Amino acid sequence: MLDFKFSSPILKDLNRRGFIYQVTDPEALDKLFQSGEEITFYVGFDPTAKSLHVGHLLWIRLITKLQKLGIKAIIICGGATSKIGDPTWKDKERVMLDYSTVLENIEAITAKLKKLVKFDNCENPVRLLNNDDWISKINYMEFLRDYGPLFSVNKMLTMDSVSTRLERQQHLSFLEFNYMLLQAYDFLYLFENYNCQIQIGGADQWSNMISGVDLIRRKTGKIGIGMSMPLLTNADGKKMGKTESGAVWMDENLMSPFDFWQYWRNVDDRDVTKLLKLFTDIDVDEIEKFDSLIGTKEMNEKKIVLADSITSMVHPEVDLNAIHNTASGIFHGSESAIDSLETFNISRGTRIDKALVITGLATSQTSARRLIDGKGVKIDSKVVEIYDLPITSDCLISVGKKKFAKVNVS
């Protein structure tokens, strides 16, 4: 938690829970929240995939939290900016998406957002916009004339997202360089047309957010505020949301609610209090006492609370009791629970190191072999000791105590 001296109770709570990482003007933000004026903020999602992932969870949680407090929220689906690709912290240029793919992604993401956020039938509905509706109408020559003089190339080159690529002598195209201008223009457009005073985004968006704040000041003489949230990382400093089988998606078609629940149930003990502050409404003073439970059985109970809270947020229709019964049944070898697992069909004689990749229990044969070397792989409760062990009959493969896959041999 950063040492922001907020007076606003809302900001104090957000800061203490770990939502706030950087603010362009903390005093102005605090003053706004105490003014009694209507407050509007926006968060942008670029539809570069067909599903939201764990990295978006913090944004969803903050949107719903502030919505309940009467603060106006705008979600931007970046139909325009996703055509270019954000260079922020990337080692190489994004793969260019054709607009038909962008539209498919927007449709899929919007459908999920409507399950997570209240856009209608409530006192304070969130507004959903697509920035292609205004950016596609920009005349390039007019944009250069009206806004080009307001951006400093010198300053843009010092932005971490740009300077890092240049220092590594990695390609940074002019197309990507314009992303910063378009995101800044988004903030100005919303500021002028929707009285949106605040942009909120991940810490890796900070450079772009500063550009938007600067553009508002230069164009209008008024104050816009940028607020970044920390990236969701684990106790080892690595980004959360990665498993042996890939990303942790919020779309049930890409990751089952059970596997999603299992991911949070299995987080490191050291991450539990931080995540409980962010994703539950439990009193912060109470949560901070849980640090003393690290390494104990009681911490497993807190992990279940965490997994239940996040899963019900992302999959509101899910039956948590059924998930609990399945998890308990698998752990104790219940046949009905095992039957509920996803089944993978493989050819008779498939090697175990290949089967681990097919089932998603390992990302590659190399990682599969490391798991086998560590005695962490079992077939029907028997430890696997050789890489090329052929699978000749239907079985249950497990990695550790918490990852399972059912295999049918044909």
# chains A, B, ... in the order shown; residues from 1 in each chain; ligands from 1
>>> residues_around(residues="Ala184 (chain A)", least_positions_apart="6", cutoff="7 Å", atoms="only C-alpha atoms", output="compact mmCIF listing (two decimals) with N, CA, C and O atoms, in the first residue's frame")
# COMPACT_ATOMS: atom_id res chain seq x y z
N ASN A 208 0.41 5.96 -21.04
CA ASN A 208 -0.72 6.39 -21.85
C ASN A 208 -1.67 7.29 -21.06
O ASN A 208 -2.25 8.24 -21.59
N MET A 209 -1.84 6.98 -19.79
CA MET A 209 -2.74 7.76 -18.95
C MET A 209 -2.20 9.17 -18.73
O MET A 209 -2.95 10.16 -18.76
N SER A 211 -0.38 10.81 -20.78
CA SER A 211 -0.59 11.54 -22.04
C SER A 211 -2.00 12.09 -22.14
O SER A 211 -2.21 13.20 -22.63
N GLY A 212 -2.98 11.32 -21.66
CA GLY A 212 -4.36 11.78 -21.68
C GLY A 212 -4.58 12.96 -20.75
O GLY A 212 -5.27 13.93 -21.09
N LEU A 215 -3.05 15.98 -22.35
CA LEU A 215 -3.84 16.49 -23.47
C LEU A 215 -5.04 17.29 -22.98
O LEU A 215 -5.35 18.36 -23.54
>>> select_by_dssp(residues="region 336-405 of chain A", states="helix (DSSP H, G or I)", output="ChimeraX atom specification")
/A:336-339,352-358,365-373
>>> residues_around(residues="Asn105 (chain A)", least_positions_apart="5", cutoff="10 Å", atoms="only C-alpha atoms", output="PDB file with all heavy atoms, in the first residue's frame")
ATOM      1  N   ASP A  46      -9.312  -3.548 -24.367  1.00  0.00           N
ATOM      2  CA  ASP A  46      -9.053  -3.798 -25.780  1.00  0.00           C
ATOM      3  C   ASP A  46      -9.403  -5.249 -26.103  1.00  0.00           C
ATOM      4  O   ASP A  46      -8.854  -6.168 -25.478  1.00  0.00           O
ATOM      5  CB  ASP A  46      -7.581  -3.529 -26.126  1.00  0.00           C
ATOM      6  CG  ASP A  46      -7.354  -2.087 -26.531  1.00  0.00           C
ATOM      7  OD1 ASP A  46      -8.339  -1.339 -26.659  1.00  0.00           O
ATOM      8  OD2 ASP A  46      -6.190  -1.693 -26.729  1.00  0.00           O
ATOM      9  N   PRO A  47     -10.296  -5.474 -27.056  1.00  0.00           N
ATOM     10  CA  PRO A  47     -10.750  -6.841 -27.374  1.00  0.00           C
ATOM     11  C   PRO A  47      -9.746  -7.592 -28.240  1.00  0.00           C
ATOM     12  O   PRO A  47      -9.993  -7.889 -29.400  1.00  0.00           O
ATOM     13  CB  PRO A  47     -12.069  -6.591 -28.121  1.00  0.00           C
ATOM     14  CG  PRO A  47     -11.873  -5.267 -28.781  1.00  0.00           C
ATOM     15  CD  PRO A  47     -11.023  -4.455 -27.835  1.00  0.00           C
ATOM     16  N   THR A  48      -8.597  -7.911 -27.672  1.00  0.00           N
ATOM     17  CA  THR A  48      -7.552  -8.614 -28.417  1.00  0.00           C
ATOM     18  C   THR A  48      -7.706 -10.134 -28.335  1.00  0.00           C
ATOM     19  O   THR A  48      -6.945 -10.873 -28.943  1.00  0.00           O
ATOM     20  CB  THR A  48      -6.161  -8.213 -27.892  1.00  0.00           C
ATOM     21  OG1 THR A  48      -6.113  -8.418 -26.473  1.00  0.00           O
ATOM     22  CG2 THR A  48      -5.882  -6.738 -28.186  1.00  0.00           C
ATOM     23  N   ALA A  49      -8.672 -10.594 -27.538  1.00  0.00           N
ATOM     24  CA  ALA A  49      -8.973 -12.033 -27.432  1.00  0.00           C
ATOM     25  C   ALA A  49     -10.468 -12.181 -27.214  1.00  0.00           C
ATOM     26  O   ALA A  49     -11.173 -11.196 -26.958  1.00  0.00           O
ATOM     27  CB  ALA A  49      -8.182 -12.667 -26.294  1.00  0.00           C
ATOM     28  N   LYS A  50     -10.955 -13.416 -27.274  1.00  0.00           N
ATOM     29  CA  LYS A  50     -12.390 -13.647 -27.142  1.00  0.00           C
ATOM     30  C   LYS A  50     -12.841 -13.740 -25.692  1.00  0.00           C
ATOM     31  O   LYS A  50     -14.036 -13.947 -25.420  1.00  0.00           O
ATOM     32  CB  LYS A  50     -12.785 -14.927 -27.891  1.00  0.00           C
ATOM     33  CG  LYS A  50     -12.847 -14.747 -29.408  1.00  0.00           C
ATOM     34  CD  LYS A  50     -13.373 -15.978 -30.094  1.00  0.00           C
ATOM     35  CE  LYS A  50     -13.680 -15.695 -31.561  1.00  0.00           C
ATOM     36  NZ  LYS A  50     -12.512 -15.211 -32.307  1.00  0.00           N
ATOM     37  N   SER A  51     -11.923 -13.600 -24.769  1.00  0.00           N
ATOM     38  CA  SER A  51     -12.296 -13.692 -23.366  1.00  0.00           C
ATOM     39  C   SER A  51     -11.491 -12.705 -22.534  1.00  0.00           C
ATOM     40  O   SER A  51     -10.339 -12.390 -22.852  1.00  0.00           O
ATOM     41  CB  SER A  51     -12.057 -15.114 -22.838  1.00  0.00           C
ATOM     42  OG  SER A  51     -12.240 -15.178 -21.432  1.00  0.00           O
ATOM     43  N   LEU A  52     -12.107 -12.229 -21.493  1.00  0.00           N
ATOM     44  CA  LEU A  52     -11.370 -11.513 -20.454  1.00  0.00           C
ATOM     45  C   LEU A  52     -10.561 -12.546 -19.678  1.00  0.00           C
ATOM     46  O   LEU A  52     -10.887 -13.727 -19.647  1.00  0.00           O
ATOM     47  CB  LEU A  52     -12.339 -10.798 -19.521  1.00  0.00           C
ATOM     48  CG  LEU A  52     -13.284  -9.776 -20.170  1.00  0.00           C
ATOM     49  CD1 LEU A  52     -14.293  -9.272 -19.145  1.00  0.00           C
ATOM     50  CD2 LEU A  52     -12.511  -8.619 -20.772  1.00  0.00           C
ATOM     51  N   CYS A  77     -14.932  -0.400 -24.838  1.00  0.00           N
ATOM     52  CA  CYS A  77     -14.453  -1.560 -25.584  1.00  0.00           C
ATOM     53  C   CYS A  77     -13.670  -1.003 -26.771  1.00  0.00           C
ATOM     54  O   CYS A  77     -14.240  -0.336 -27.644  1.00  0.00           O
ATOM     55  CB  CYS A  77     -15.637  -2.399 -26.040  1.00  0.00           C
ATOM     56  SG  CYS A  77     -15.266  -4.152 -26.116  1.00  0.00           S
ATOM     57  N   GLY A  79     -12.634  -0.909 -29.813  1.00  0.00           N
ATOM     58  CA  GLY A  79     -12.728  -1.392 -31.186  1.00  0.00           C
ATOM     59  C   GLY A  79     -11.746  -0.726 -32.115  1.00  0.00           C
ATOM     60  O   GLY A  79     -11.292  -1.328 -33.097  1.00  0.00           O
ATOM     61  N   TYR A  99     -10.551  -6.481 -38.668  1.00  0.00           N
ATOM     62  CA  TYR A  99     -11.668  -5.936 -37.897  1.00  0.00           C
ATOM     63  C   TYR A  99     -12.782  -6.951 -37.679  1.00  0.00           C
ATOM     64  O   TYR A  99     -13.524  -6.854 -36.694  1.00  0.00           O
ATOM     65  CB  TYR A  99     -12.229  -4.673 -38.563  1.00  0.00           C
ATOM     66  CG  TYR A  99     -13.040  -3.847 -37.585  1.00  0.00           C
ATOM     67  CD1 TYR A  99     -12.540  -3.557 -36.315  1.00  0.00           C
ATOM     68  CD2 TYR A  99     -14.314  -3.390 -37.910  1.00  0.00           C
ATOM     69  CE1 TYR A  99     -13.280  -2.824 -35.405  1.00  0.00           C
ATOM     70  CE2 TYR A  99     -15.056  -2.642 -37.003  1.00  0.00           C
ATOM     71  CZ  TYR A  99     -14.531  -2.365 -35.749  1.00  0.00           C
ATOM     72  OH  TYR A  99     -15.264  -1.629 -34.844  1.00  0.00           O
ATOM     73  N   SER A 100     -12.923  -7.937 -38.556  1.00  0.00           N
ATOM     74  CA  SER A 100     -13.942  -8.970 -38.331  1.00  0.00           C
ATOM     75  C   SER A 100     -13.628  -9.739 -37.044  1.00  0.00           C
ATOM     76  O   SER A 100     -14.535 -10.076 -36.269  1.00  0.00           O
ATOM     77  CB  SER A 100     -14.016  -9.923 -39.523  1.00  0.00           C
ATOM     78  OG  SER A 100     -12.788 -10.606 -39.711  1.00  0.00           O
ATOM     79  N   THR A 110     -18.329  -8.482 -24.598  1.00  0.00           N
ATOM     80  CA  THR A 110     -19.514  -7.747 -24.157  1.00  0.00           C
ATOM     81  C   THR A 110     -20.525  -8.678 -23.499  1.00  0.00           C
ATOM     82  O   THR A 110     -21.134  -8.339 -22.475  1.00  0.00           O
ATOM     83  CB  THR A 110     -20.170  -7.019 -25.350  1.00  0.00           C
ATOM     84  OG1 THR A 110     -19.231  -6.083 -25.905  1.00  0.00           O
ATOM     85  CG2 THR A 110     -21.407  -6.264 -24.908  1.00  0.00           C
ATOM     86  N   ALA A 111     -20.697  -9.855 -24.078  1.00  0.00           N
ATOM     87  CA  ALA A 111     -21.630 -10.832 -23.503  1.00  0.00           C
ATOM     88  C   ALA A 111     -21.212 -11.207 -22.085  1.00  0.00           C
ATOM     89  O   ALA A 111     -22.058 -11.342 -21.186  1.00  0.00           O
ATOM     90  CB  ALA A 111     -21.693 -12.073 -24.385  1.00  0.00           C
TER      91      ALA A 111
END
>>> closest_residue(among="A:Leu57, A:Ile39, A:Leu361, A:Leu129", to="Ala80 (chain A)", atoms="only C-alpha atoms")
A:Leu129
>>> residues_around(residues="Leu231 (chain A)", least_positions_apart="2", cutoff="9 Å", atoms="only C-alpha atoms", output="PyMOL selection string")
chain A and resi 21+55+58+202-204+229+233+239-240
>>> write_last_selection(atoms="all heavy atoms", output="mmCIF file, in the first residue's frame")
data_model
loop_
_atom_site.group_PDB
_atom_site.id
_atom_site.type_symbol
_atom_site.label_atom_id
_atom_site.label_comp_id
_atom_site.auth_asym_id
_atom_site.auth_seq_id
_atom_site.Cartn_x
_atom_site.Cartn_y
_atom_site.Cartn_z
ATOM 1 N N TYR A 21 -2.374 2.291 -7.111
ATOM 2 C CA TYR A 21 -0.923 2.187 -7.283
ATOM 3 C C TYR A 21 -0.295 3.552 -7.545
ATOM 4 O O TYR A 21 0.653 3.941 -6.883
ATOM 5 C CB TYR A 21 -0.623 1.224 -8.438
ATOM 6 C CG TYR A 21 0.846 0.958 -8.645
ATOM 7 C CD1 TYR A 21 1.617 0.364 -7.653
ATOM 8 C CD2 TYR A 21 1.470 1.298 -9.839
ATOM 9 C CE1 TYR A 21 2.967 0.122 -7.832
ATOM 10 C CE2 TYR A 21 2.821 1.050 -10.040
ATOM 11 C CZ TYR A 21 3.563 0.468 -9.036
ATOM 12 O OH TYR A 21 4.901 0.229 -9.226
ATOM 13 N N GLY A 55 -6.157 -10.813 -15.542
ATOM 14 C CA GLY A 55 -5.666 -9.446 -15.480
ATOM 15 C C GLY A 55 -6.767 -8.403 -15.445
ATOM 16 O O GLY A 55 -6.556 -7.276 -14.990
ATOM 17 N N LEU A 58 -9.368 -7.280 -11.509
ATOM 18 C CA LEU A 58 -9.271 -6.145 -10.591
ATOM 19 C C LEU A 58 -10.116 -4.980 -11.101
ATOM 20 O O LEU A 58 -10.749 -4.263 -10.317
ATOM 21 C CB LEU A 58 -7.801 -5.728 -10.446
ATOM 22 C CG LEU A 58 -7.398 -5.048 -9.148
ATOM 23 C CD1 LEU A 58 -7.772 -5.895 -7.953
ATOM 24 C CD2 LEU A 58 -5.901 -4.773 -9.141
ATOM 25 N N GLY A 202 -4.523 -0.388 -15.592
ATOM 26 C CA GLY A 202 -3.417 -1.115 -14.978
ATOM 27 C C GLY A 202 -2.150 -0.285 -14.939
ATOM 28 O O GLY A 202 -2.003 0.708 -15.676
ATOM 29 N N ALA A 203 -1.224 -0.687 -14.089
ATOM 30 C CA ALA A 203 0.037 0.040 -13.953
ATOM 31 C C ALA A 203 0.810 0.106 -15.265
ATOM 32 O O ALA A 203 1.564 1.055 -15.504
ATOM 33 C CB ALA A 203 0.902 -0.606 -12.867
ATOM 34 N N ASP A 204 0.613 -0.881 -16.145
ATOM 35 C CA ASP A 204 1.323 -0.883 -17.419
ATOM 36 C C ASP A 204 0.729 0.109 -18.421
ATOM 37 O O ASP A 204 1.252 0.287 -19.515
ATOM 38 C CB ASP A 204 1.359 -2.291 -18.017
ATOM 39 C CG ASP A 204 -0.023 -2.908 -18.180
ATOM 40 O OD1 ASP A 204 -1.016 -2.278 -17.743
ATOM 41 O OD2 ASP A 204 -0.113 -4.006 -18.752
ATOM 42 N N MET A 229 -3.943 0.962 -11.168
ATOM 43 C CA MET A 229 -4.034 -0.107 -10.190
ATOM 44 C C MET A 229 -2.835 -1.031 -10.359
ATOM 45 O O MET A 229 -2.280 -1.130 -11.462
ATOM 46 C CB MET A 229 -5.324 -0.896 -10.392
ATOM 47 C CG MET A 229 -6.576 -0.101 -10.094
ATOM 48 S SD MET A 229 -8.080 -1.087 -10.331
ATOM 49 C CE MET A 229 -8.097 -1.239 -12.110
ATOM 50 N N THR A 233 0.014 -9.684 -9.146
ATOM 51 C CA THR A 233 1.184 -10.559 -9.090
ATOM 52 C C THR A 233 1.149 -11.423 -7.840
ATOM 53 O O THR A 233 0.482 -11.101 -6.857
ATOM 54 C CB THR A 233 2.490 -9.743 -9.100
ATOM 55 O OG1 THR A 233 2.487 -8.831 -7.979
ATOM 56 C CG2 THR A 233 2.627 -8.943 -10.381
ATOM 57 N N LYS A 239 3.330 -12.429 -12.633
ATOM 58 C CA LYS A 239 1.928 -12.147 -12.929
ATOM 59 C C LYS A 239 1.058 -13.345 -12.609
ATOM 60 O O LYS A 239 1.383 -14.475 -12.970
ATOM 61 C CB LYS A 239 1.761 -11.784 -14.405
ATOM 62 C CG LYS A 239 1.898 -10.306 -14.717
ATOM 63 C CD LYS A 239 1.470 -10.050 -16.147
ATOM 64 C CE LYS A 239 1.564 -8.572 -16.474
ATOM 65 N NZ LYS A 239 1.084 -8.293 -17.853
ATOM 66 N N MET A 240 -0.071 -13.080 -11.941
ATOM 67 C CA MET A 240 -1.023 -14.152 -11.682
ATOM 68 C C MET A 240 -1.825 -14.399 -12.954
ATOM 69 O O MET A 240 -1.949 -13.530 -13.815
ATOM 70 C CB MET A 240 -1.954 -13.768 -10.533
ATOM 71 C CG MET A 240 -1.246 -13.507 -9.227
ATOM 72 S SD MET A 240 -2.361 -13.453 -7.808
ATOM 73 C CE MET A 240 -2.683 -15.195 -7.583
#
>>> select_by_dssp(residues="region 161-259 of chain A", states="strand (DSSP E)", output="number ranges by chain")
A: 198-202, 225-229, 242-243, 246-247
>>> write_last_selection(atoms="N, CA, C and O atoms", output="tab-separated table (two decimals), in the first residue's frame")
chain	number	residue	atom	x	y	z
A	198	ILE	N	-11.92	10.95	-14.58
A	198	ILE	CA	-10.88	10.01	-14.13
A	198	ILE	C	-10.73	8.87	-15.13
A	198	ILE	O	-11.72	8.30	-15.59
A	199	GLN	N	-9.50	8.54	-15.45
A	199	GLN	CA	-9.21	7.31	-16.19
A	199	GLN	C	-8.54	6.34	-15.24
A	199	GLN	O	-7.59	6.69	-14.52
A	200	ILE	N	-9.01	5.10	-15.23
A	200	ILE	CA	-8.44	4.06	-14.37
A	200	ILE	C	-7.94	2.92	-15.25
A	200	ILE	O	-8.61	2.51	-16.20
A	201	GLY	N	-6.77	2.41	-14.95
A	201	GLY	CA	-6.22	1.31	-15.72
A	201	GLY	C	-5.11	0.62	-14.96
A	201	GLY	O	-4.77	0.99	-13.84
A	202	GLY	N	-4.52	-0.39	-15.59
A	202	GLY	CA	-3.42	-1.11	-14.98
A	202	GLY	C	-2.15	-0.28	-14.94
A	202	GLY	O	-2.00	0.71	-15.68
A	225	ILE	N	-7.73	13.29	-14.29
A	225	ILE	CA	-6.94	12.54	-13.31
A	225	ILE	C	-6.74	11.10	-13.79
A	225	ILE	O	-7.69	10.44	-14.23
A	226	GLY	N	-5.51	10.63	-13.73
A	226	GLY	CA	-5.20	9.24	-14.03
A	226	GLY	C	-4.93	8.48	-12.76
A	226	GLY	O	-4.21	8.97	-11.87
A	227	MET	N	-5.51	7.30	-12.63
A	227	MET	CA	-5.26	6.45	-11.46
A	227	MET	C	-4.98	5.04	-11.94
A	227	MET	O	-5.79	4.43	-12.64
A	228	SER	N	-3.81	4.53	-11.59
A	228	SER	CA	-3.47	3.16	-11.99
A	228	SER	C	-3.64	2.21	-10.82
A	228	SER	O	-3.50	2.59	-9.66
A	229	MET	N	-3.94	0.96	-11.17
A	229	MET	CA	-4.03	-0.11	-10.19
A	229	MET	C	-2.83	-1.03	-10.36
A	229	MET	O	-2.28	-1.13	-11.46
A	242	LYS	N	-1.52	-17.48	-14.79
A	242	LYS	CA	-0.89	-18.47	-15.66
A	242	LYS	C	-0.87	-19.82	-14.94
A	242	LYS	O	-0.58	-19.89	-13.76
A	243	THR	N	-1.18	-20.88	-15.69
A	243	THR	CA	-1.11	-22.23	-15.15
A	243	THR	C	-0.29	-23.09	-16.10
A	243	THR	O	0.14	-22.64	-17.16
A	246	GLY	N	-1.93	-22.98	-19.39
A	246	GLY	CA	-2.12	-21.71	-20.09
A	246	GLY	C	-2.78	-20.66	-19.23
A	246	GLY	O	-2.72	-20.70	-17.99
A	247	ALA	N	-3.43	-19.67	-19.87
A	247	ALA	CA	-4.02	-18.54	-19.17
A	247	ALA	C	-5.27	-18.95	-18.40
A	247	ALA	O	-5.94	-19.93	-18.72
>>> closest_atom_pairs(of="region 67-157 of chain A", to="region 2-20 of chain A", cutoff="12 Å", atoms="only C-alpha atoms", output="CSV")
residue,atom,partner,partner_atom,distance
A:Lys68,CA,A:Ile10,CA,11.6
A:Leu69,CA,A:Ile10,CA,8.7
A:Gly70,CA,A:Ile10,CA,11.3
A:Ile71,CA,A:Ile10,CA,10.7
>>> atom_distance(atom1="CA of Glu37 (chain A)", atom2="CA of Cys196 (chain A)")
11.9 Å
>>> closest_atom_pairs(of="region 232-303 of chain A", to="region 309-327 of chain A", cutoff="12 Å", atoms="only C-alpha atoms", output="JSON lines")
{"residue": "A:Val248", "atom": "CA", "partner": "A:Val314", "partner_atom": "CA", "distance": 11.8}
{"residue": "A:Trp249", "atom": "CA", "partner": "A:Val314", "partner_atom": "CA", "distance": 10.0}
{"residue": "A:Met250", "atom": "CA", "partner": "A:Val314", "partner_atom": "CA", "distance": 6.5}
{"residue": "A:Asp251", "atom": "CA", "partner": "A:Val314", "partner_atom": "CA", "distance": 8.6}
{"residue": "A:Glu252", "atom": "CA", "partner": "A:His315", "partner_atom": "CA", "distance": 8.0}
{"residue": "A:Asn253", "atom": "CA", "partner": "A:His315", "partner_atom": "CA", "distance": 11.7}
{"residue": "A:Met255", "atom": "CA", "partner": "A:His315", "partner_atom": "CA", "distance": 11.2}
{"residue": "A:Ser256", "atom": "CA", "partner": "A:His315", "partner_atom": "CA", "distance": 9.8}
{"residue": "A:Pro257", "atom": "CA", "partner": "A:His315", "partner_atom": "CA", "distance": 6.9}
{"residue": "A:Phe258", "atom": "CA", "partner": "A:Ile323", "partner_atom": "CA", "distance": 6.0}
{"residue": "A:Asp259", "atom": "CA", "partner": "A:Ile323", "partner_atom": "CA", "distance": 9.4}
{"residue": "A:Phe260", "atom": "CA", "partner": "A:Thr311", "partner_atom": "CA", "distance": 7.0}
{"residue": "A:Trp261", "atom": "CA", "partner": "A:Thr311", "partner_atom": "CA", "distance": 5.8}
{"residue": "A:Gln262", "atom": "CA", "partner": "A:Ala327", "partner_atom": "CA", "distance": 8.2}
{"residue": "A:Tyr263", "atom": "CA", "partner": "A:Thr311", "partner_atom": "CA", "distance": 9.9}
{"residue": "A:Trp264", "atom": "CA", "partner": "A:Ile310", "partner_atom": "CA", "distance": 7.9}
{"residue": "A:Arg265", "atom": "CA", "partner": "A:Ala327", "partner_atom": "CA", "distance": 10.0}
{"residue": "A:Asn266", "atom": "CA", "partner": "A:Ala327", "partner_atom": "CA", "distance": 11.6}
{"residue": "A:Leu275", "atom": "CA", "partner": "A:Ile310", "partner_atom": "CA", "distance": 9.5}
{"residue": "A:Leu276", "atom": "CA", "partner": "A:Ser309", "partner_atom": "CA", "distance": 8.8}
{"residue": "A:Lys277", "atom": "CA", "partner": "A:Ser309", "partner_atom": "CA", "distance": 11.3}
{"residue": "A:Leu278", "atom": "CA", "partner": "A:Ile310", "partner_atom": "CA", "distance": 9.9}
{"residue": "A:Phe279", "atom": "CA", "partner": "A:Ile310", "partner_atom": "CA", "distance": 6.4}
{"residue": "A:Thr280", "atom": "CA", "partner": "A:Ser309", "partner_atom": "CA", "distance": 6.4}
{"residue": "A:Asp281", "atom": "CA", "partner": "A:Ser309", "partner_atom": "CA", "distance": 9.4}
{"residue": "A:Ile282", "atom": "CA", "partner": "A:Ser309", "partner_atom": "CA", "distance": 10.7}
{"residue": "A:Glu301", "atom": "CA", "partner": "A:His324", "partner_atom": "CA", "distance": 11.9}
{"residue": "A:Lys302", "atom": "CA", "partner": "A:Ser309", "partner_atom": "CA", "distance": 10.6}
{"residue": "A:Lys303", "atom": "CA", "partner": "A:Ser309", "partner_atom": "CA", "distance": 9.8}
>>> residues_around(residues="Asp291 (chain A)", least_positions_apart="6", cutoff="10 Å", atoms="only C-alpha atoms", output="MDAnalysis selection string")
chainID A and resid 269:274 299
>>> closest_residue(among="A:Ile75, A:Leu188, A:Leu128, A:Ile223", to="Lys31 (chain A)", atoms="only C-alpha atoms")
A:Ile223
>>> atom_distance(atom1="CA of Glu385 (chain A)", atom2="CA of Gly360 (chain A)")
19.3 Å
>>> decode(residues="region 291-296 of chain A", atoms="all heavy atoms", output="PDB file, in the first residue's frame")
ATOM      1  N   ASP A 291      -2.621 -13.360   8.207  1.00  0.00           N
ATOM      2  CA  ASP A 291      -1.209 -13.610   7.898  1.00  0.00           C
ATOM      3  C   ASP A 291      -0.584 -14.596   8.868  1.00  0.00           C
ATOM      4  O   ASP A 291       0.347 -15.325   8.520  1.00  0.00           O
ATOM      5  CB  ASP A 291      -0.418 -12.301   7.904  1.00  0.00           C
ATOM      6  CG  ASP A 291      -0.549 -11.544   6.586  1.00  0.00           C
ATOM      7  OD1 ASP A 291      -0.743 -12.199   5.546  1.00  0.00           O
ATOM      8  OD2 ASP A 291      -0.461 -10.312   6.599  1.00  0.00           O
ATOM      9  N   SER A 292      -1.100 -14.636  10.075  1.00  0.00           N
ATOM     10  CA  SER A 292      -0.555 -15.566  11.080  1.00  0.00           C
ATOM     11  C   SER A 292      -0.935 -17.010  10.785  1.00  0.00           C
ATOM     12  O   SER A 292      -0.413 -17.930  11.428  1.00  0.00           O
ATOM     13  CB  SER A 292      -1.065 -15.179  12.478  1.00  0.00           C
ATOM     14  OG  SER A 292      -2.480 -15.307  12.548  1.00  0.00           O
ATOM     15  N   LEU A 293      -1.835 -17.211   9.821  1.00  0.00           N
ATOM     16  CA  LEU A 293      -2.302 -18.566   9.497  1.00  0.00           C
ATOM     17  C   LEU A 293      -1.489 -19.225   8.392  1.00  0.00           C
ATOM     18  O   LEU A 293      -1.766 -20.369   8.024  1.00  0.00           O
ATOM     19  CB  LEU A 293      -3.773 -18.521   9.072  1.00  0.00           C
ATOM     20  CG  LEU A 293      -4.769 -17.940  10.080  1.00  0.00           C
ATOM     21  CD1 LEU A 293      -6.165 -17.936   9.478  1.00  0.00           C
ATOM     22  CD2 LEU A 293      -4.745 -18.721  11.386  1.00  0.00           C
ATOM     23  N   ILE A 294      -0.504 -18.517   7.843  1.00  0.00           N
ATOM     24  CA  ILE A 294       0.293 -19.077   6.747  1.00  0.00           C
ATOM     25  C   ILE A 294       0.917 -20.408   7.166  1.00  0.00           C
ATOM     26  O   ILE A 294       1.534 -20.521   8.227  1.00  0.00           O
ATOM     27  CB  ILE A 294       1.397 -18.083   6.319  1.00  0.00           C
ATOM     28  CG1 ILE A 294       0.760 -16.869   5.634  1.00  0.00           C
ATOM     29  CG2 ILE A 294       2.407 -18.745   5.373  1.00  0.00           C
ATOM     30  CD1 ILE A 294       1.742 -15.787   5.254  1.00  0.00           C
ATOM     31  N   GLY A 295       0.691 -21.412   6.326  1.00  0.00           N
ATOM     32  CA  GLY A 295       1.245 -22.736   6.606  1.00  0.00           C
ATOM     33  C   GLY A 295       0.360 -23.608   7.475  1.00  0.00           C
ATOM     34  O   GLY A 295       0.735 -24.742   7.784  1.00  0.00           O
ATOM     35  N   THR A 296      -0.833 -23.132   7.848  1.00  0.00           N
ATOM     36  CA  THR A 296      -1.732 -23.918   8.695  1.00  0.00           C
ATOM     37  C   THR A 296      -2.945 -24.392   7.905  1.00  0.00           C
ATOM     38  O   THR A 296      -3.242 -23.895   6.816  1.00  0.00           O
ATOM     39  CB  THR A 296      -2.231 -23.078   9.897  1.00  0.00           C
ATOM     40  OG1 THR A 296      -3.107 -22.040   9.408  1.00  0.00           O
ATOM     41  CG2 THR A 296      -1.061 -22.449  10.628  1.00  0.00           C
TER      42      THR A 296
END
